[in-house]
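**Student:** Below is the file model-v8.pdb, with PDB, C-alpha atoms.
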```
ATOM      1  CA  MET L   1     226.836 302.816 202.424
ATOM      2  CA  PRO L   2     226.340 306.360 201.088
ATOM      3  CA  ARG L   3     226.948 309.182 203.526
ATOM      4  CA  GLY L   4     223.815 309.845 205.570
ATOM      5  CA  ALA L   5     222.133 306.576 204.560
ATOM      6  CA  GLY L   6     222.315 305.250 208.114
ATOM      7  CA  LEU L   7     220.653 308.363 209.515
ATOM      8  CA  SER L   8     217.958 308.167 206.827
ATOM      9  CA  ALA L   9     217.267 304.538 207.660
ATOM     10  CA  ALA L  10     217.084 305.301 211.369
ATOM     11  CA  ARG L  11     214.657 308.155 210.734
ATOM     12  CA  ASN L  12     212.448 305.939 208.552
ATOM     13  CA  CYS L  13     212.420 303.103 211.077
ATOM     14  CA  ALA L  14     211.403 305.498 213.852
ATOM     15  CA  ARG L  15     208.123 306.338 212.099
ATOM     16  CA  ASN L  16     204.957 304.281 211.860
ATOM     17  CA  TRP L  17     205.156 303.444 208.175
ATOM     18  CA  THR L  18     202.036 302.004 206.535
ATOM     19  CA  LEU L  19     202.002 300.298 203.137
ATOM     20  CA  VAL L  20     198.653 300.582 201.341
ATOM     21  CA  THR L  21     198.096 298.524 198.198
ATOM     22  CA  GLY L  22     195.381 299.565 195.776
ATOM     23  CA  ALA L  23     195.849 303.108 197.069
ATOM     24  CA  SER L  24     194.970 304.931 193.854
ATOM     25  CA  SER L  25     191.207 305.185 194.478
ATOM     26  CA  GLY L  26     188.209 304.152 196.572
ATOM     27  CA  ILE L  27     188.710 302.521 199.949
ATOM     28  CA  GLY L  28     192.479 302.317 199.436
ATOM     29  CA  ALA L  29     192.874 306.065 198.949
ATOM     30  CA  ALA L  30     190.511 306.723 201.853
ATOM     31  CA  LEU L  31     192.534 304.426 204.120
ATOM     32  CA  ALA L  32     195.735 306.199 203.099
ATOM     33  CA  ARG L  33     194.189 309.526 204.096
ATOM     34  CA  ALA L  34     192.916 308.069 207.374
ATOM     35  CA  PHE L  35     196.321 306.670 208.348
ATOM     36  CA  ALA L  36     197.994 309.948 207.357
ATOM     37  CA  ALA L  37     195.567 311.843 209.592
ATOM     38  CA  ARG L  38     196.912 309.779 212.502
ATOM     39  CA  GLY L  39     200.504 310.615 211.633
ATOM     40  CA  HIS L  40     201.489 307.451 209.802
ATOM     41  CA  ALA L  41     204.061 307.800 207.046
ATOM     42  CA  LEU L  42     202.862 306.107 203.873
ATOM     43  CA  VAL L  43     204.023 303.814 201.126
ATOM     44  CA  LEU L  44     201.417 304.014 198.365
ATOM     45  CA  SER L  45     201.204 301.240 195.798
ATOM     46  CA  ALA L  46     198.913 300.513 192.847
ATOM     47  CA  ARG L  47     199.146 300.232 189.067
ATOM     48  CA  ARG L  48     198.075 303.799 188.264
ATOM     49  CA  THR L  49     201.164 305.890 188.926
ATOM     50  CA  GLU L  50     199.578 309.253 188.101
ATOM     51  CA  ARG L  51     196.848 308.765 190.693
ATOM     52  CA  LEU L  52     199.377 307.659 193.285
ATOM     53  CA  GLN L  53     201.480 310.747 192.614
ATOM     54  CA  ALA L  54     198.408 312.968 192.970
ATOM     55  CA  LEU L  55     197.527 311.387 196.319
ATOM     56  CA  ALA L  56     201.138 311.648 197.466
ATOM     57  CA  GLY L  57     201.116 315.338 196.576
ATOM     58  CA  GLU L  58     197.974 315.801 198.643
ATOM     59  CA  LEU L  59     199.368 314.059 201.730
ATOM     60  CA  SER L  60     203.106 314.735 201.641
ATOM     61  CA  GLY L  61     202.748 318.073 203.412
ATOM     62  CA  ALA L  62     201.554 316.251 206.518
ATOM     63  CA  VAL L  63     203.554 312.994 206.506
ATOM     64  CA  PRO L  64     206.387 311.392 204.530
ATOM     65  CA  VAL L  65     205.038 309.554 201.480
ATOM     66  CA  GLU L  66     206.740 307.087 199.152
ATOM     67  CA  VAL L  67     205.183 305.918 195.878
ATOM     68  CA  ILE L  68     206.024 302.426 194.609
ATOM     69  CA  PRO L  69     203.861 301.358 191.654
ATOM     70  CA  ALA L  70     203.181 297.630 191.343
ATOM     71  CA  ASP L  71     201.022 295.351 189.217
ATOM     72  CA  LEU L  72     200.078 292.528 191.568
ATOM     73  CA  THR L  73     198.923 290.272 188.742
ATOM     74  CA  ASP L  74     202.664 289.607 188.311
ATOM     75  CA  PRO L  75     203.642 286.783 190.711
ATOM     76  CA  SER L  76     207.007 288.447 191.357
ATOM     77  CA  ALA L  77     205.457 291.825 192.226
ATOM     78  CA  PRO L  78     204.973 291.277 195.996
ATOM     79  CA  ASP L  79     208.644 290.399 196.503
ATOM     80  CA  ARG L  80     209.802 293.304 194.344
ATOM     81  CA  LEU L  81     207.492 295.667 196.219
ATOM     82  CA  MET L  82     208.891 294.574 199.586
ATOM     83  CA  GLU L  83     212.450 294.845 198.304
ATOM     84  CA  ALA L  84     211.723 298.406 197.156
ATOM     85  CA  VAL L  85     210.340 299.228 200.609
ATOM     86  CA  ALA L  86     213.428 297.775 202.303
ATOM     87  CA  SER L  87     215.775 299.643 199.938
ATOM     88  CA  ARG L  88     214.320 302.902 201.256
ATOM     89  CA  GLY L  89     215.241 301.959 204.823
ATOM     90  CA  ILE L  90     211.591 301.563 205.806
ATOM     91  CA  ALA L  91     210.458 299.131 208.501
ATOM     92  CA  LEU L  92     206.709 298.733 208.113
ATOM     93  CA  HIS L  93     204.408 299.148 211.086
ATOM     94  CA  THR L  94     201.208 298.312 209.180
ATOM     95  CA  LEU L  95     200.386 296.488 205.959
ATOM     96  CA  VAL L  96     197.043 297.332 204.338
ATOM     97  CA  ASN L  97     196.113 294.679 201.778
ATOM     98  CA  ASN L  98     193.467 296.579 199.848
ATOM     99  CA  ALA L  99     194.238 295.873 196.177
ATOM    100  CA  GLY L 100     191.579 293.772 194.504
ATOM    101  CA  PHE L 101     189.172 293.508 191.607
ATOM    102  CA  GLY L 102     186.176 291.461 190.561
ATOM    103  CA  MET L 103     184.522 290.153 187.433
ATOM    104  CA  ARG L 104     180.811 289.653 187.036
ATOM    105  CA  GLY L 105     179.494 286.877 184.807
ATOM    106  CA  ARG L 106     179.059 283.137 184.581
ATOM    107  CA  PHE L 107     182.217 281.288 185.602
ATOM    108  CA  ALA L 108     182.275 279.063 182.508
ATOM    109  CA  THR L 109     182.231 282.047 180.133
ATOM    110  CA  LEU L 110     184.705 284.404 181.826
ATOM    111  CA  PRO L 111     188.270 284.642 180.430
ATOM    112  CA  ALA L 112     190.433 282.120 182.277
ATOM    113  CA  ASP L 113     193.485 284.383 182.329
ATOM    114  CA  GLU L 114     191.529 287.214 183.936
ATOM    115  CA  LEU L 115     190.119 284.867 186.576
ATOM    116  CA  MET L 116     193.655 283.802 187.446
ATOM    117  CA  ASP L 117     194.727 287.464 187.580
ATOM    118  CA  MET L 118     191.942 287.993 190.119
ATOM    119  CA  VAL L 119     193.262 285.129 192.242
ATOM    120  CA  ALA L 120     196.766 286.602 191.973
ATOM    121  CA  VAL L 121     195.700 290.069 193.147
ATOM    122  CA  ASN L 122     193.024 289.105 195.683
ATOM    123  CA  VAL L 123     194.634 285.988 197.188
ATOM    124  CA  ALA L 124     198.256 285.337 196.238
ATOM    125  CA  ALA L 125     199.524 288.911 196.636
ATOM    126  CA  PRO L 126     198.063 289.623 200.096
ATOM    127  CA  THR L 127     199.251 286.209 201.264
ATOM    128  CA  ALA L 128     202.781 286.837 199.996
ATOM    129  CA  LEU L 129     202.921 290.354 201.441
ATOM    130  CA  ALA L 130     201.615 289.204 204.817
ATOM    131  CA  ARG L 131     204.201 286.419 204.894
ATOM    132  CA  ARG L 132     206.979 288.932 204.216
ATOM    133  CA  VAL L 133     205.777 291.447 206.815
ATOM    134  CA  LEU L 134     204.471 289.366 209.706
ATOM    135  CA  PRO L 135     207.736 287.832 211.012
ATOM    136  CA  ASP L 136     209.283 291.281 211.483
ATOM    137  CA  LEU L 137     206.158 292.631 213.195
ATOM    138  CA  ILE L 138     206.176 289.653 215.566
ATOM    139  CA  ALA L 139     209.872 290.168 216.303
ATOM    140  CA  ARG L 140     209.211 293.824 217.153
ATOM    141  CA  ARG L 141     205.907 293.056 218.913
ATOM    142  CA  GLU L 142     204.094 295.935 217.234
ATOM    143  CA  GLY L 143     201.886 296.913 214.338
ATOM    144  CA  GLY L 144     199.743 294.670 212.241
ATOM    145  CA  ILE L 145     197.915 293.878 209.018
ATOM    146  CA  LEU L 146     194.588 295.223 207.776
ATOM    147  CA  ASN L 147     193.067 293.059 205.043
ATOM    148  CA  VAL L 148     190.164 294.497 203.048
ATOM    149  CA  ALA L 149     187.716 291.647 202.465
ATOM    150  CA  SER L 150     183.965 292.098 201.909
ATOM    151  CA  VAL L 151     180.521 291.250 203.240
ATOM    152  CA  GLY L 152     180.593 288.937 200.219
ATOM    153  CA  ALA L 153     183.026 286.770 202.183
ATOM    154  CA  TYR L 154     180.069 285.418 204.150
ATOM    155  CA  LEU L 155     178.196 283.816 201.240
ATOM    156  CA  PRO L 156     178.752 282.151 197.879
ATOM    157  CA  GLY L 157     178.416 284.485 194.918
ATOM    158  CA  PRO L 158     176.915 283.013 191.760
ATOM    159  CA  LYS L 159     177.909 285.191 188.766
ATOM    160  CA  MET L 160     180.761 286.597 190.864
ATOM    161  CA  ALA L 161     181.975 283.201 192.035
ATOM    162  CA  VAL L 162     185.723 283.772 192.107
ATOM    163  CA  TYR L 163     185.503 287.274 193.594
ATOM    164  CA  TYR L 164     183.340 286.102 196.506
ATOM    165  CA  ALA L 165     185.595 283.075 197.004
ATOM    166  CA  THR L 166     188.707 285.260 197.183
ATOM    167  CA  LYS L 167     187.101 287.431 199.841
ATOM    168  CA  ALA L 168     186.081 284.354 201.842
ATOM    169  CA  TYR L 169     189.718 283.250 201.711
ATOM    170  CA  LEU L 170     190.933 286.640 202.912
ATOM    171  CA  LEU L 171     188.479 286.663 205.825
ATOM    172  CA  SER L 172     189.453 283.137 206.872
ATOM    173  CA  LEU L 173     193.172 283.909 206.583
ATOM    174  CA  SER L 174     192.770 287.094 208.614
ATOM    175  CA  GLU L 175     190.913 285.385 211.453
ATOM    176  CA  ALA L 176     193.490 282.592 211.614
ATOM    177  CA  LEU L 177     196.418 285.019 211.614
ATOM    178  CA  PHE L 178     194.672 287.132 214.251
ATOM    179  CA  GLU L 179     194.882 284.189 216.663
ATOM    180  CA  GLU L 180     198.477 283.385 215.717
ATOM    181  CA  ALA L 181     199.725 286.964 215.992
ATOM    182  CA  LYS L 182     197.780 288.246 219.004
ATOM    183  CA  PRO L 183     200.052 286.643 221.650
ATOM    184  CA  HIS L 184     202.963 288.535 220.071
ATOM    185  CA  GLY L 185     201.370 291.974 220.293
ATOM    186  CA  VAL L 186     200.443 292.098 216.595
ATOM    187  CA  THR L 187     196.941 292.721 215.209
ATOM    188  CA  VAL L 188     195.462 291.200 212.058
ATOM    189  CA  THR L 189     192.089 292.651 211.092
ATOM    190  CA  ALA L 190     189.666 291.864 208.271
ATOM    191  CA  LEU L 191     187.628 294.849 207.085
ATOM    192  CA  CYS L 192     184.404 293.611 205.470
ATOM    193  CA  PRO L 193     182.568 296.491 203.786
ATOM    194  CA  GLY L 194     179.294 296.145 201.966
ATOM    195  CA  VAL L 195     178.307 298.333 199.036
ATOM    196  CA  THR L 196     180.613 301.350 198.977
ATOM    197  CA  ASP L 197     180.474 304.495 196.850
ATOM    198  CA  SER L 198     183.421 303.737 194.585
ATOM    199  CA  GLU L 199     184.336 302.840 191.012
ATOM    200  CA  PHE L 200     183.178 299.289 191.769
ATOM    201  CA  ALA L 201     179.675 300.369 192.810
ATOM    202  CA  ALA L 202     179.363 302.997 190.086
ATOM    203  CA  ARG L 203     180.078 300.396 187.415
ATOM    204  CA  ALA L 204     177.596 297.988 188.975
ATOM    205  CA  ASP L 205     174.862 300.647 189.083
ATOM    206  CA  ARG L 206     175.299 301.358 185.386
ATOM    207  CA  GLU L 207     174.890 297.668 184.619
ATOM    208  CA  GLY L 208     171.720 297.329 186.686
ATOM    209  CA  THR L 209     172.876 294.788 189.232
ATOM    210  CA  LYS L 210     170.235 294.485 191.950
ATOM    211  CA  ARG L 211     172.822 294.042 194.688
ATOM    212  CA  PHE L 212     174.028 297.611 194.190
ATOM    213  CA  ASN L 213     170.644 299.327 194.084
ATOM    214  CA  GLY L 214     170.508 302.077 196.695
ATOM    215  CA  ARG L 215     173.234 304.254 198.091
ATOM    216  CA  GLY L 216     176.333 302.670 199.545
ATOM    217  CA  MET L 217     178.556 303.886 202.358
ATOM    218  CA  ALA L 218     181.129 306.551 201.616
ATOM    219  CA  ALA L 219     184.632 305.153 201.203
ATOM    220  CA  GLU L 220     185.860 307.652 203.809
ATOM    221  CA  GLU L 221     183.417 306.309 206.397
ATOM    222  CA  VAL L 222     184.375 302.720 205.625
ATOM    223  CA  ALA L 223     188.029 303.659 206.055
ATOM    224  CA  ARG L 224     187.412 305.524 209.319
ATOM    225  CA  ILE L 225     185.516 302.607 210.857
ATOM    226  CA  GLY L 226     188.035 300.090 209.554
ATOM    227  CA  LEU L 227     190.993 302.010 210.958
ATOM    228  CA  MET L 228     189.360 302.419 214.361
ATOM    229  CA  GLY L 229     188.570 298.706 214.524
ATOM    230  CA  TYR L 230     192.143 297.860 213.585
ATOM    231  CA  LEU L 231     193.536 300.211 216.233
ATOM    232  CA  ARG L 232     191.234 298.603 218.816
ATOM    233  CA  GLY L 233     192.655 295.203 217.907
ATOM    234  CA  GLU L 234     189.458 293.747 216.449
ATOM    235  CA  ALA L 235     189.645 290.594 214.326
ATOM    236  CA  VAL L 236     186.760 291.509 212.007
ATOM    237  CA  VAL L 237     185.198 294.895 211.270
ATOM    238  CA  VAL L 238     181.898 295.162 209.385
ATOM    239  CA  PRO L 239     181.128 298.870 208.864
ATOM    240  CA  GLY L 240     177.515 300.013 208.954
ATOM    241  CA  SER L 241     174.548 298.718 210.946
ATOM    242  CA  ARG L 242     172.832 297.455 207.803
ATOM    243  CA  ASN L 243     175.875 295.425 206.821
ATOM    244  CA  ARG L 244     176.188 293.989 210.334
ATOM    245  CA  LEU L 245     172.545 292.902 210.201
ATOM    246  CA  ILE L 246     173.141 291.287 206.816
ATOM    247  CA  VAL L 247     176.139 289.364 208.140
ATOM    248  CA  ALA L 248     174.245 288.259 211.255
ATOM    249  CA  GLY L 249     171.371 287.044 209.096
ATOM    250  CA  LEU L 250     173.658 285.207 206.696
ATOM    251  CA  GLN L 251     175.235 283.320 209.576
ATOM    252  CA  LEU L 252     171.800 282.104 210.693
ATOM    253  CA  LEU L 253     170.454 281.052 207.289
ATOM    254  CA  PRO L 254     171.198 277.685 205.664
ATOM    255  CA  ARG L 255     173.832 277.887 202.927
ATOM    256  CA  ARG L 256     171.422 276.438 200.388
ATOM    257  CA  LEU L 257     169.194 279.476 200.935
ATOM    258  CA  THR L 258     171.931 282.116 200.919
ATOM    259  CA  ARG L 259     173.297 280.903 197.601
ATOM    260  CA  LYS L 260     169.843 281.068 196.018
ATOM    261  CA  VAL L 261     169.323 284.614 197.291
ATOM    262  CA  ALA L 262     172.768 285.648 196.048
ATOM    263  CA  ASN L 263     172.022 284.164 192.645
ATOM    264  CA  ARG L 264     168.845 286.232 192.316
ATOM    265  CA  LEU L 265     170.606 289.449 193.328
ATOM    266  CA  GLN L 266     173.347 289.030 190.741
ATOM    267  CA  SER L 267     171.205 289.633 187.692
ATOM    268  CA  VAL L 268     173.919 290.393 185.119
ATOM    269  CA  PRO L 269     175.012 287.164 183.424
ATOM    270  CA  GLU L 270     177.571 288.480 180.942
ATOM    271  CA  SER L 271     181.259 289.073 181.575
ATOM    272  CA  SER L 272     181.757 292.397 183.324
ATOM    273  CA  PRO L 273     185.117 293.345 184.864
ATOM    274  CA  VAL L 274     184.987 295.859 187.687
ATOM    275  CA  GLN L 275     187.685 297.519 189.792
ATOM    276  CA  ARG L 276     187.280 298.132 193.515
TER     277      ARG L 276
END
```
Written as structure tokens, how would this file's structure read?
**Tutor:**
Amino acid sequence: MPRGAGLSAARNCARNWTLVTGASSGIGAALARAFAARGHALVLSARRTERLQALAGELSGAVPVEVIPADLTDPSAPDRLMEAVASRGIALHTLVNNAGFGMRGRFATLPADELMDMVAVNVAAPTALARRVLPDLIARREGGILNVASVGAYLPGPKMAVYYATKAYLLSLSEALFEEAKPHGVTVTALCPGVTDSEFAARADREGTKRFNGRGMAAEEVARIGLMGYLRGEAVVVPGSRNRLIVAGLQLLPRRLTRKVANRLQSVPESSPVQR
């Protein structure tokens, strides 16, 4: 072991380190700032290295920040990301599974490879990362996982079928893991935002999708509410009174009605990739 490596590892383990995927923009960047404001050291990960470096430069004066770029469409990326974290002597306190993207269009016409990339990023990667992190959190009886799902998890999404399905998976996984982890002092929280001012919503506005008409919540507010809910040990956090009313209504309506409403709101039939 190089001289001083043991001291470096001990120092890193003593901090509350938080790994944020999809940290280069939107809710991910806002969550990174929110955790940093509470003194958490950060591991920032996403595909866009330049944006990660810019965010690291912004936050590194307040807390330690590591940048580990990763493309989670690669099935081996979650393991390589966790190995890179471990090689820096970092024991994670919190995993934030935020990376994700969606494609708008009719399922039968969307590129099959891009649909499978969406499943890799939105489903396989957060599952793999959670599986790597959770045993250690349980052993230490601390920390937790914050999964960024969506209000879309509560209903089927014609013309965004796979995206909505991935968010439903993430919500279900989070609630199940919440029950499994809670007796061990570990929190698993699903953050379910509605329309948020981000690249995702801006793209949707330009394409005239009815679902995105009107102003969304600021990413910073979504992050603040999500972090507070996670710190309180909540299983599910839906930020915004309007979004909570929507979720409550969806849970009362028959599924056959919610899918028809969702179909009418998604008015753009052609393929349209968007990044959250």
**Student:** If the box runs along x, y and z of the file and leaves 6 Å on each side of region 64-73 of chain L, what are its centre and edge lengths in Å, one decimal, as lines of an AutoDock Vina configuration file?
**Tutor:**
```
center_x = 202.8
center_y = 300.8
center_z = 196.6
size_x = 19.8
size_y = 33.1
size_z = 27.8
```
**Student:** Care to translate the PyMOL selection byres ((chain L and resi 171-187) around 8) into actual residues of this file, as a list of chain:residue names?
**Tutor:**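 So the PyMOL selection byres ((chain L and resi 171-187) around 8) ends up selecting L:Leu137, L:Ile138, L:Arg141, L:Glu142, L:Gly143, L:Gly144, L:Ile145, L:Asn147, L:Ala149, L:Ala153, L:Lys167, L:Ala168, L:Tyr169, L:Leu170, L:Val188, L:Thr189, L:Ala190, L:Tyr230, L:Gly233, L:Glu234, L:Ala235, L:Val236.
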**Student:** Output the selection as a PDB file, in the coordinates of the input - C-alpha atoms for each residue.
**Tutor:**
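Okay, out.pdb is ready:
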```pdb
ATOM      1  CA  LEU L 137     206.158 292.631 213.195  1.00  0.00           C
ATOM      2  CA  ILE L 138     206.176 289.653 215.566  1.00  0.00           C
ATOM      3  CA  ARG L 141     205.907 293.056 218.913  1.00  0.00           C
ATOM      4  CA  GLU L 142     204.094 295.935 217.234  1.00  0.00           C
ATOM      5  CA  GLY L 143     201.886 296.913 214.338  1.00  0.00           C
ATOM      6  CA  GLY L 144     199.743 294.670 212.241  1.00  0.00           C
ATOM      7  CA  ILE L 145     197.915 293.878 209.018  1.00  0.00           C
ATOM      8  CA  ASN L 147     193.067 293.059 205.043  1.00  0.00           C
ATOM      9  CA  ALA L 149     187.716 291.647 202.465  1.00  0.00           C
ATOM     10  CA  ALA L 153     183.026 286.770 202.183  1.00  0.00           C
ATOM     11  CA  LYS L 167     187.101 287.431 199.841  1.00  0.00           C
ATOM     12  CA  ALA L 168     186.081 284.354 201.842  1.00  0.00           C
ATOM     13  CA  TYR L 169     189.718 283.250 201.711  1.00  0.00           C
ATOM     14  CA  LEU L 170     190.933 286.640 202.912  1.00  0.00           C
ATOM     15  CA  VAL L 188     195.462 291.200 212.058  1.00  0.00           C
ATOM     16  CA  THR L 189     192.089 292.651 211.092  1.00  0.00           C
ATOM     17  CA  ALA L 190     189.666 291.864 208.271  1.00  0.00           C
ATOM     18  CA  TYR L 230     192.143 297.860 213.585  1.00  0.00           C
ATOM     19  CA  GLY L 233     192.655 295.203 217.907  1.00  0.00           C
ATOM     20  CA  GLU L 234     189.458 293.747 216.449  1.00  0.00           C
ATOM     21  CA  ALA L 235     189.645 290.594 214.326  1.00  0.00           C
ATOM     22  CA  VAL L 236     186.760 291.509 212.007  1.00  0.00           C
TER      23      VAL L 236
END
```
**Student:** Written as JSON, numbers by chain, what is the full residue list that the PyMOL selection byres ((chain L and resi 129-133) around 12) yields on the file shown?
**Tutor:** {"L": [18, 19, 20, 21, 72, 75, 76, 77, 78, 79, 80, 81, 82, 83, 85, 86, 90, 91, 92, 93, 94, 95, 96, 97, 98, 99, 120, 121, 122, 123, 124, 125, 126, 127, 128, 134, 135, 136, 137, 138, 139, 140, 142, 143, 144, 145, 146, 147, 170, 173, 174, 177, 178, 181, 186, 187, 188, 189]}
**Student:** For a quick check of your reading of the model, name the residues lying within 8 Å of the coordinate (179.1, 284.5, 195.9), counting only C-alpha atoms, and write them as a list in words.
**Tutor:** Gly152, Ala153, Leu155, Pro156, Gly157, Pro158, Lys159, Met160, Ala161, Val162, Tyr163, Tyr164, Ala165, Arg259, Ala262 and Asn263 of chain L
**Student:** Looking at L:Ala219, L:Cys192, L:Met118, L:Ala34, which one is nearest to Arg104 (chain L), with distances taken over only C-alpha atoms?
**Tutor:** L:Met118
**Student:** What residues come out when you apply the PyMOL selection byres ((chain L and resi 46) around 10) to this file, written as a PDB file with C-alpha atoms, in the frame of the given file?
**Tutor:**
```pdb
ATOM      1  CA  VAL L  20     198.653 300.582 201.341  1.00  0.00           C
ATOM      2  CA  THR L  21     198.096 298.524 198.198  1.00  0.00           C
ATOM      3  CA  GLY L  22     195.381 299.565 195.776  1.00  0.00           C
ATOM      4  CA  ALA L  23     195.849 303.108 197.069  1.00  0.00           C
ATOM      5  CA  SER L  24     194.970 304.931 193.854  1.00  0.00           C
ATOM      6  CA  SER L  25     191.207 305.185 194.478  1.00  0.00           C
ATOM      7  CA  GLY L  28     192.479 302.317 199.436  1.00  0.00           C
ATOM      8  CA  LEU L  44     201.417 304.014 198.365  1.00  0.00           C
ATOM      9  CA  SER L  45     201.204 301.240 195.798  1.00  0.00           C
ATOM     10  CA  ARG L  47     199.146 300.232 189.067  1.00  0.00           C
ATOM     11  CA  ARG L  48     198.075 303.799 188.264  1.00  0.00           C
ATOM     12  CA  THR L  49     201.164 305.890 188.926  1.00  0.00           C
ATOM     13  CA  GLU L  50     199.578 309.253 188.101  1.00  0.00           C
ATOM     14  CA  ARG L  51     196.848 308.765 190.693  1.00  0.00           C
ATOM     15  CA  LEU L  52     199.377 307.659 193.285  1.00  0.00           C
ATOM     16  CA  VAL L  67     205.183 305.918 195.878  1.00  0.00           C
ATOM     17  CA  ILE L  68     206.024 302.426 194.609  1.00  0.00           C
ATOM     18  CA  PRO L  69     203.861 301.358 191.654  1.00  0.00           C
ATOM     19  CA  ALA L  70     203.181 297.630 191.343  1.00  0.00           C
ATOM     20  CA  ASP L  71     201.022 295.351 189.217  1.00  0.00           C
ATOM     21  CA  LEU L  72     200.078 292.528 191.568  1.00  0.00           C
ATOM     22  CA  ASN L  98     193.467 296.579 199.848  1.00  0.00           C
ATOM     23  CA  ALA L  99     194.238 295.873 196.177  1.00  0.00           C
TER      24      ALA L  99
END
```
**Student:** Here is a test: counting all atoms listed in the file, which residue of L:Ala30, L:Val148, L:Leu257, L:Gly100 is nearest to Val238 (chain L)?
**Tutor:**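 Closest to Val238 (chain L) of all the choices is L:Val148.
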**Student:** Can you tell me, as a PyMOL selection string, what residues are no more than 12 Å from Gly240 (chain L) when counting only C-alpha atoms, ignoring any on the same chain fewer than 4 positions away?
**Tutor:** chain L and resi 151+191-196+216-219+221-226+244-247
